[in-house]
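Source file target-v5.txt; content: compact mmCIF, C-alpha atoms.
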# COMPACT_ATOMS: atom_id res chain seq x y z
CA MET J 276 2.86 -12.19 22.52
CA THR J 277 5.93 -11.14 24.51
CA ALA J 278 8.88 -13.36 25.29
CA ALA J 279 7.81 -13.50 28.92
CA GLU J 280 4.46 -14.92 27.87
CA SER J 281 5.90 -17.66 25.69
CA ASP J 282 6.88 -21.18 26.68
CA LEU J 283 10.46 -20.41 27.66
CA PRO J 284 12.44 -22.92 29.69
CA THR J 285 12.76 -22.14 33.38
CA GLY J 286 15.67 -23.30 35.46
CA ALA J 287 17.41 -25.04 32.57
CA ALA J 288 20.24 -23.52 30.54
CA ARG J 289 19.10 -21.01 27.96
CA ARG J 290 19.79 -22.52 24.54
CA ILE J 291 19.84 -20.73 21.17
CA LEU J 292 19.94 -22.59 17.85
CA VAL J 293 21.99 -20.60 15.34
CA VAL J 294 21.32 -21.28 11.64
CA ALA J 295 23.59 -19.48 9.18
CA HIS J 296 24.26 -19.07 5.49
CA THR J 297 27.98 -19.87 5.63
CA GLY J 298 28.67 -19.57 1.91
CA ARG J 299 30.02 -16.00 2.21
CA GLU J 300 32.75 -14.60 4.41
CA GLU J 301 30.49 -11.77 5.57
CA ALA J 302 27.99 -14.28 6.90
CA ARG J 303 30.72 -16.35 8.56
CA ALA J 304 32.13 -13.24 10.27
CA VAL J 305 28.71 -12.18 11.56
CA THR J 306 28.08 -15.76 12.74
CA ARG J 307 31.34 -15.83 14.69
CA ALA J 308 30.54 -12.48 16.32
CA ILE J 309 27.02 -13.53 17.30
CA VAL J 310 28.09 -16.92 18.64
CA GLY J 311 30.85 -15.30 20.71
CA ALA J 312 28.46 -12.71 22.13
CA LEU J 313 25.82 -15.28 23.07
CA LEU J 314 28.40 -17.50 24.77
CA GLY J 315 29.81 -14.46 26.55
CA HIS J 316 26.40 -13.87 28.12
CA GLY J 317 26.25 -17.44 29.40
CA LEU J 318 23.84 -18.83 26.81
CA VAL J 319 24.28 -22.25 25.23
CA VAL J 320 24.68 -22.14 21.44
CA ARG J 321 23.61 -25.01 19.23
CA MET J 322 24.59 -25.21 15.55
CA LEU J 323 24.13 -27.65 12.70
CA GLU J 324 27.23 -29.79 12.20
CA ASP J 325 28.12 -28.62 8.69
CA GLU J 326 27.56 -24.98 9.52
CA ALA J 327 29.62 -25.18 12.71
CA LYS J 328 32.57 -26.42 10.62
CA GLU J 329 32.07 -23.93 7.78
CA ALA J 330 31.73 -20.97 10.15
CA GLU J 331 35.40 -21.45 11.14
CA LEU J 332 34.81 -20.69 14.80
CA PRO J 333 37.91 -19.69 16.79
CA ALA J 334 39.71 -22.29 18.86
CA GLY J 335 38.18 -22.69 22.28
CA VAL J 336 34.69 -21.62 21.18
CA GLU J 337 32.44 -24.50 22.16
CA VAL J 338 28.98 -25.00 20.67
CA GLU J 339 26.60 -27.93 20.62
CA SER J 340 27.04 -29.47 17.17
CA VAL J 341 24.00 -31.44 15.99
CA PRO J 342 22.92 -33.10 12.73
CA CYS J 343 20.29 -31.30 10.68
CA GLU J 344 17.82 -34.16 11.07
CA ASP J 345 18.12 -33.93 14.86
CA ALA J 346 18.42 -30.17 15.41
CA GLY J 347 16.06 -30.24 18.39
CA ALA J 348 14.61 -26.76 17.81
CA ASP J 349 11.88 -27.54 20.34
CA GLN J 350 14.58 -27.64 23.05
CA CYS J 351 15.73 -24.10 22.24
CA GLU J 352 14.50 -20.69 23.39
CA LEU J 353 14.67 -19.36 19.86
CA VAL J 354 16.33 -19.96 16.50
CA LEU J 355 18.61 -17.13 15.41
CA VAL J 356 18.99 -17.10 11.62
CA ILE J 357 21.86 -15.33 9.85
CA GLY J 358 21.27 -14.83 6.13
CA GLY J 359 18.48 -13.85 3.76
CA ASP J 360 14.88 -14.99 3.40
CA GLY J 361 16.03 -18.27 1.85
CA THR J 362 18.00 -19.13 4.99
CA ILE J 363 15.01 -18.21 7.15
CA LEU J 364 12.76 -20.48 5.08
CA ARG J 365 15.29 -23.28 5.58
CA ALA J 366 15.25 -22.65 9.33
CA CYS J 367 11.45 -22.75 9.30
CA GLU J 368 11.72 -26.41 8.31
CA LEU J 369 13.53 -27.04 11.61
CA THR J 370 10.90 -25.27 13.73
CA HIS J 371 7.73 -26.30 11.88
CA GLY J 372 5.38 -27.99 14.32
CA THR J 373 7.10 -26.50 17.38
CA THR J 374 6.48 -23.29 19.32
CA THR J 375 10.08 -22.10 18.95
CA PRO J 376 10.23 -18.65 17.29
CA LEU J 377 12.76 -17.46 14.71
CA LEU J 378 14.77 -14.25 14.71
CA GLY J 379 16.32 -13.31 11.38
CA VAL J 380 19.46 -11.21 10.83
CA ASN J 381 19.34 -10.02 7.23
CA LEU J 382 22.39 -10.48 5.02
CA GLY J 383 20.37 -10.83 1.82
CA HIS J 384 18.99 -8.32 -0.67
CA VAL J 385 15.45 -7.69 0.64
CA GLY J 386 14.97 -9.77 3.77
CA PHE J 387 11.24 -9.31 4.38
CA LEU J 388 11.23 -12.10 6.96
CA ALA J 389 14.25 -10.81 8.87
CA GLU J 390 13.92 -8.50 11.85
CA ALA J 391 17.47 -7.14 12.25
CA GLU J 392 20.18 -5.91 9.91
CA SER J 393 23.82 -6.87 10.34
CA GLU J 394 24.73 -3.44 11.77
CA GLU J 395 22.15 -3.94 14.53
CA VAL J 396 23.75 -7.09 15.96
CA ASP J 397 24.87 -5.55 19.27
CA THR J 398 21.41 -4.18 20.04
CA MET J 399 19.81 -7.44 18.95
CA ILE J 400 22.03 -9.46 21.32
CA GLU J 401 21.06 -7.19 24.21
CA ARG J 402 17.37 -7.68 23.45
CA VAL J 403 17.78 -11.46 23.18
CA VAL J 404 19.69 -11.73 26.45
CA ALA J 405 17.12 -9.56 28.25
CA ARG J 406 14.24 -11.39 26.55
CA ARG J 407 12.85 -8.08 25.32
CA TRP J 408 11.09 -9.23 22.18
CA SER J 409 7.64 -10.15 20.99
CA VAL J 410 6.34 -12.86 18.68
CA ASP J 411 4.19 -12.70 15.55
CA GLU J 412 2.36 -15.86 14.52
CA ARG J 413 2.24 -16.20 10.75
CA LEU J 414 -0.36 -18.21 8.87
CA THR J 415 0.98 -21.20 6.90
CA LEU J 416 -0.40 -23.52 4.23
CA ASP J 417 -1.05 -27.25 4.41
CA VAL J 418 -0.74 -28.76 0.93
CA GLN J 419 -1.94 -32.17 -0.27
CA VAL J 420 -1.46 -33.79 -3.67
CA PHE J 421 -3.82 -36.44 -5.03
CA GLN J 422 -3.59 -38.74 -8.00
CA GLY J 423 -7.08 -40.08 -8.50
CA LYS J 424 -8.36 -40.90 -5.02
CA GLU J 425 -4.90 -41.60 -3.64
CA LYS J 426 -3.05 -38.95 -1.62
CA VAL J 427 0.52 -39.11 -2.92
CA ALA J 428 2.12 -36.21 -1.03
CA SER J 429 1.55 -33.93 1.93
CA THR J 430 3.66 -30.85 2.66
CA TRP J 431 3.41 -27.24 3.85
CA ALA J 432 4.55 -23.70 3.09
CA LEU J 433 5.04 -20.37 4.81
CA ASN J 434 5.19 -18.16 1.70
CA GLU J 435 3.53 -20.03 -1.14
CA ALA J 436 2.68 -23.28 -2.86
CA SER J 437 3.04 -22.81 -6.62
CA VAL J 438 1.88 -25.16 -9.36
CA GLU J 439 4.15 -24.60 -12.36
CA LYS J 440 4.67 -26.11 -15.79
CA ALA J 441 7.58 -28.53 -15.87
CA ALA J 442 8.66 -27.75 -19.45
CA ARG J 443 9.05 -24.28 -20.89
CA SER J 444 7.47 -25.27 -24.22
CA ARG J 445 4.27 -26.72 -22.69
CA MET J 446 1.70 -24.75 -20.76
CA LEU J 447 -0.54 -26.36 -18.17
CA GLU J 448 -4.28 -26.84 -18.65
CA VAL J 449 -5.90 -26.48 -15.23
CA VAL J 450 -9.21 -26.03 -13.46
CA VAL J 451 -9.11 -23.90 -10.31
CA GLU J 452 -11.56 -24.43 -7.48
CA VAL J 453 -12.59 -22.58 -4.32
CA ASP J 454 -14.46 -24.31 -1.49
CA GLY J 455 -15.34 -27.36 -3.55
CA ARG J 456 -16.79 -25.41 -6.49
CA PRO J 457 -15.12 -24.99 -9.89
CA LEU J 458 -14.20 -21.40 -10.72
CA SER J 459 -12.48 -21.39 -14.10
CA ARG J 460 -10.48 -23.44 -16.60
CA PHE J 461 -7.55 -22.10 -18.58
CA GLY J 462 -4.06 -22.70 -19.90
CA CYS J 463 -1.28 -21.02 -17.93
CA ASP J 464 2.33 -21.12 -16.84
CA GLY J 465 1.22 -21.81 -13.28
CA ILE J 466 -0.81 -20.87 -10.21
CA VAL J 467 0.53 -19.31 -7.00
CA CYS J 468 -1.32 -20.02 -3.74
CA ALA J 469 0.15 -17.70 -1.12
CA THR J 470 -0.17 -16.50 2.46
CA PRO J 471 -0.13 -12.83 3.51
CA THR J 472 3.48 -13.38 4.59
CA GLY J 473 4.28 -14.63 1.10
CA SER J 474 2.41 -11.80 -0.62
CA THR J 475 5.69 -9.88 -1.01
CA ALA J 476 7.51 -12.90 -2.47
CA TYR J 477 6.54 -14.93 -5.59
CA ASN J 478 2.97 -13.67 -5.32
CA PHE J 479 4.23 -10.09 -5.70
CA SER J 480 6.32 -10.97 -8.77
CA ALA J 481 3.31 -12.71 -10.32
CA GLY J 482 1.18 -9.57 -9.98
CA GLY J 483 -0.69 -10.49 -6.82
CA PRO J 484 -1.69 -8.02 -4.09
CA VAL J 485 0.41 -7.08 -1.08
CA VAL J 486 -1.49 -8.19 2.01
CA TRP J 487 -0.61 -7.00 5.51
CA PRO J 488 0.65 -9.99 7.55
CA GLU J 489 -1.99 -9.67 10.28
CA VAL J 490 -4.73 -10.23 7.71
CA GLU J 491 -5.98 -13.82 7.77
CA ALA J 492 -6.52 -14.82 4.14
CA LEU J 493 -5.36 -17.09 1.33
CA LEU J 494 -4.30 -15.78 -2.07
CA MET J 495 -4.53 -17.37 -5.54
CA VAL J 496 -2.71 -15.79 -8.50
CA PRO J 497 -2.64 -17.27 -12.04
CA ILE J 498 0.66 -16.90 -13.94
CA SER J 499 0.41 -15.87 -17.60
CA ALA J 500 -3.06 -17.35 -17.98
CA HIS J 501 -4.78 -17.48 -21.39
CA ALA J 502 -8.21 -16.51 -20.10
CA LEU J 503 -10.52 -13.54 -19.80
CA PHE J 504 -11.09 -14.15 -16.09
CA ALA J 505 -7.73 -14.92 -14.51
CA ARG J 506 -7.32 -12.26 -11.85
CA PRO J 507 -5.63 -12.50 -8.45
CA MET J 508 -8.08 -13.57 -5.76
CA VAL J 509 -8.15 -13.23 -1.97
CA VAL J 510 -10.34 -15.66 -0.01
CA GLY J 511 -11.09 -16.26 3.65
CA PRO J 512 -8.77 -18.24 5.93
CA THR J 513 -11.19 -21.16 6.20
CA SER J 514 -11.47 -21.62 2.43
CA THR J 515 -9.87 -24.47 0.51
CA LEU J 516 -8.12 -23.75 -2.78
CA ALA J 517 -7.63 -26.49 -5.34
CA VAL J 518 -5.86 -26.79 -8.69
CA GLU J 519 -6.51 -29.75 -10.97
CA VAL J 520 -4.05 -30.47 -13.77
CA LEU J 521 -6.33 -31.69 -16.55
CA ALA J 522 -5.76 -35.22 -17.80
CA GLN J 523 -5.54 -34.00 -21.40
CA THR J 524 -2.90 -31.36 -20.72
CA GLN J 525 0.10 -31.60 -23.03
CA GLY J 526 2.64 -31.00 -20.30
CA ALA J 527 3.36 -32.16 -16.78
CA GLY J 528 3.64 -29.84 -13.81
CA VAL J 529 5.60 -29.47 -10.62
CA LEU J 530 4.58 -28.24 -7.17
CA TRP J 531 7.02 -25.95 -5.40
CA CYS J 532 6.59 -25.06 -1.71
CA ASP J 533 8.60 -22.02 -0.61
CA GLY J 534 10.98 -22.77 -3.48
CA ARG J 535 12.44 -25.62 -1.42
CA ARG J 536 10.22 -28.71 -1.58
CA THR J 537 8.93 -30.16 -4.84
CA VAL J 538 6.38 -32.75 -5.97
CA ASP J 539 5.97 -33.89 -9.58
CA LEU J 540 2.48 -33.36 -10.99
CA PRO J 541 1.53 -35.65 -13.86
CA PRO J 542 -1.66 -34.97 -15.86
CA GLY J 543 -4.68 -35.64 -13.65
CA ALA J 544 -3.00 -34.52 -10.41
CA ARG J 545 -5.02 -32.48 -7.92
CA ILE J 546 -3.52 -30.06 -5.40
CA GLU J 547 -5.48 -28.89 -2.36
CA VAL J 548 -4.33 -25.93 -0.26
CA ARG J 549 -5.80 -24.84 3.06
CA ARG J 550 -4.73 -22.96 6.16
CA GLY J 551 -1.94 -24.75 8.00
CA ALA J 552 -2.43 -26.28 11.42
CA SER J 553 0.98 -25.03 12.64
CA PRO J 554 1.84 -21.32 12.30
CA VAL J 555 5.40 -20.05 12.04
CA ARG J 556 6.43 -17.76 14.90
CA LEU J 557 8.68 -14.80 14.07
CA VAL J 558 10.48 -12.73 16.70
CA ARG J 559 9.91 -8.99 16.52
CA LEU J 560 12.26 -6.44 18.09
CA HIS J 561 10.65 -3.33 16.63
CA GLU J 562 7.13 -1.98 16.77
CA ALA J 563 7.34 -0.28 13.37
CA PRO J 564 4.21 -0.81 11.22
CA PHE J 565 4.30 -2.99 8.13
CA THR J 566 3.94 0.13 5.97
CA ASP J 567 7.40 1.27 7.11
CA ARG J 568 8.82 -2.16 6.32
CA LEU J 569 7.41 -1.99 2.79
CA VAL J 570 8.91 1.47 2.24
CA ALA J 571 12.31 0.41 3.57
CA LYS J 572 12.58 -2.97 1.84
CA PHE J 573 11.35 -1.81 -1.57
CA GLY J 574 12.92 1.66 -1.37
CA LEU J 575 9.56 3.28 -2.09
CA PRO J 576 9.53 7.07 -2.77
CA VAL J 577 7.75 8.95 0.01
CA ALA J 578 9.42 12.37 -0.32
CA GLY J 579 6.85 15.14 -0.07
CA TRP J 580 4.60 13.37 2.41
CA ARG J 581 3.14 16.00 4.74
CA GLY J 582 1.37 13.72 7.18
CA ALA J 583 4.07 13.94 9.84
CA ALA J 584 4.17 17.76 9.73
CA ALA J 585 0.39 17.95 9.90
CA GLU J 586 0.39 15.66 12.92
CA ARG J 587 3.01 17.77 14.69
CA ARG J 588 1.01 20.96 14.03
CA ARG J 589 -2.11 19.32 15.40
CA ARG J 590 -0.34 18.32 18.61
CA GLN J 591 1.21 21.77 19.01
CA GLY J 592 -2.21 23.35 18.61
CA GLU J 593 -3.66 21.09 21.30
CA GLN J 594 -0.85 21.97 23.71
CA ALA J 595 -1.33 25.71 23.09
CA ARG J 596 -5.01 25.65 24.03
CA PRO J 597 -5.81 26.95 27.57

Could you write out this file's structure as structure tokens?
Amino acid sequence: MTAAESDLPTGAARRILVVAHTGREEARAVTRAIVGALLGHGLVVRMLEDEAKEAELPAGVEVESVPCEDAGADQCELVLVIGGDGTILRACELTHGTTTPLLGVNLGHVGFLAEAESEEVDTMIERVVARRWSVDERLTLDVQVFQGKEKVASTWALNEASVEKAARSRMLEVVVEVDGRPLSRFGCDGIVCATPTGSTAYNFSAGGPVVWPEVEALLMVPISAHALFARPMVVGPTSTLAVEVLAQTQGAGVLWCDGRRTVDLPPGARIEVRRGASPVRLVRLHEAPFTDRLVAKFGLPVAGWRGAAAERRRRQGEQARP
């Protein structure tokens, strides 16, 4: 979807919510430059109160300062995020349930969710001002926790929902389930339920597969399982994954969603994971395929690849034909 096709405000002032990791001077400097550029193009900039103070904006630079609990992302054209993937995940909490897309400027180590690097800020600002960007909708997870028949928690995730042991000395005894049918029982350090977007995050570290983001699927990856059959699994987007912490397990567990939201899991707890009702929308400035992103972010060795030369020779041969 292009920016022109999205639900952008017409007639009203164009408003950008800027979310920044202000713990480092580099991030504060980039934030000040971006805020100044957006204001210089006549856009209204909104920032969270704490971040507006910590960014140390120059005197005379006026932004809308709002509390985190009332950020009003739905009133903004887009959310511009300055930081790493952790900052983007934090910003996703502000936009979840809205149609407002996020544009990430990477200042972290990998930055799979980000679209621009810090040295690309000038070009990025031009694209934002001209509304020359597209939007990817990313599948999310809806997560529910039950104790007996009672639902005790309901949350969501963009990358993953992971069930983990709470104490290092005690593994979890679990039964995993797909579509209402039991699949296997084993002791483990945890279970990762991930989206394709999260396949390059915790899922990747746990030995799960990398899944291209346009693939609609759910992933389940056991962590250090004591079992013969405990392989990563990929299921359809309409499936429901479940993890039951057995009542006789010696240790308690904890649910982590995107590494940000937690729920305690006593013995007997049941966690159900299904496709989320509200996708996260990410702004894209480049048309590069996901393969190129993998190569760039992980620094993968591709020297010696002859595909490009072969393609050039093929085109030259076609042009030389009468």

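You will find atom CA of J:Ala517 at 27.1 Å from atom CA of J:Thr373.
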
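Proximity to J:Val520 was assessed for J:Lys440, J:Arg581, J:Lys426, J:Arg289 counting only C-alpha atoms; the smallest distance is recorded for J:Lys440.
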
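With all atoms listed in the file as the atoms that count, the residue of J:Gly372, J:Gly311, J:Pro488, J:Pro507 with the shortest distance to J:Trp431 is J:Gly372.
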
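Nearest-residue note for J:Asp567: choosing from J:Phe479, J:Phe461, J:Trp408, J:Trp487, the minimum distance belongs to J:Trp487, counting all atoms listed in the file.
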
Compare J:Leu332, J:Asp345, J:Ser393, J:Phe387 by their minimum atom-to-atom distance to J:Ala302, counting all atoms listed in the file, and give me the closest one.
J:Ser393

Please determine, counting all atoms listed in the file, which residue among J:Ala346, J:Val453, J:Met495, J:Leu388 has the shortest atom-to-atom distance to J:Ile466.
J:Met495
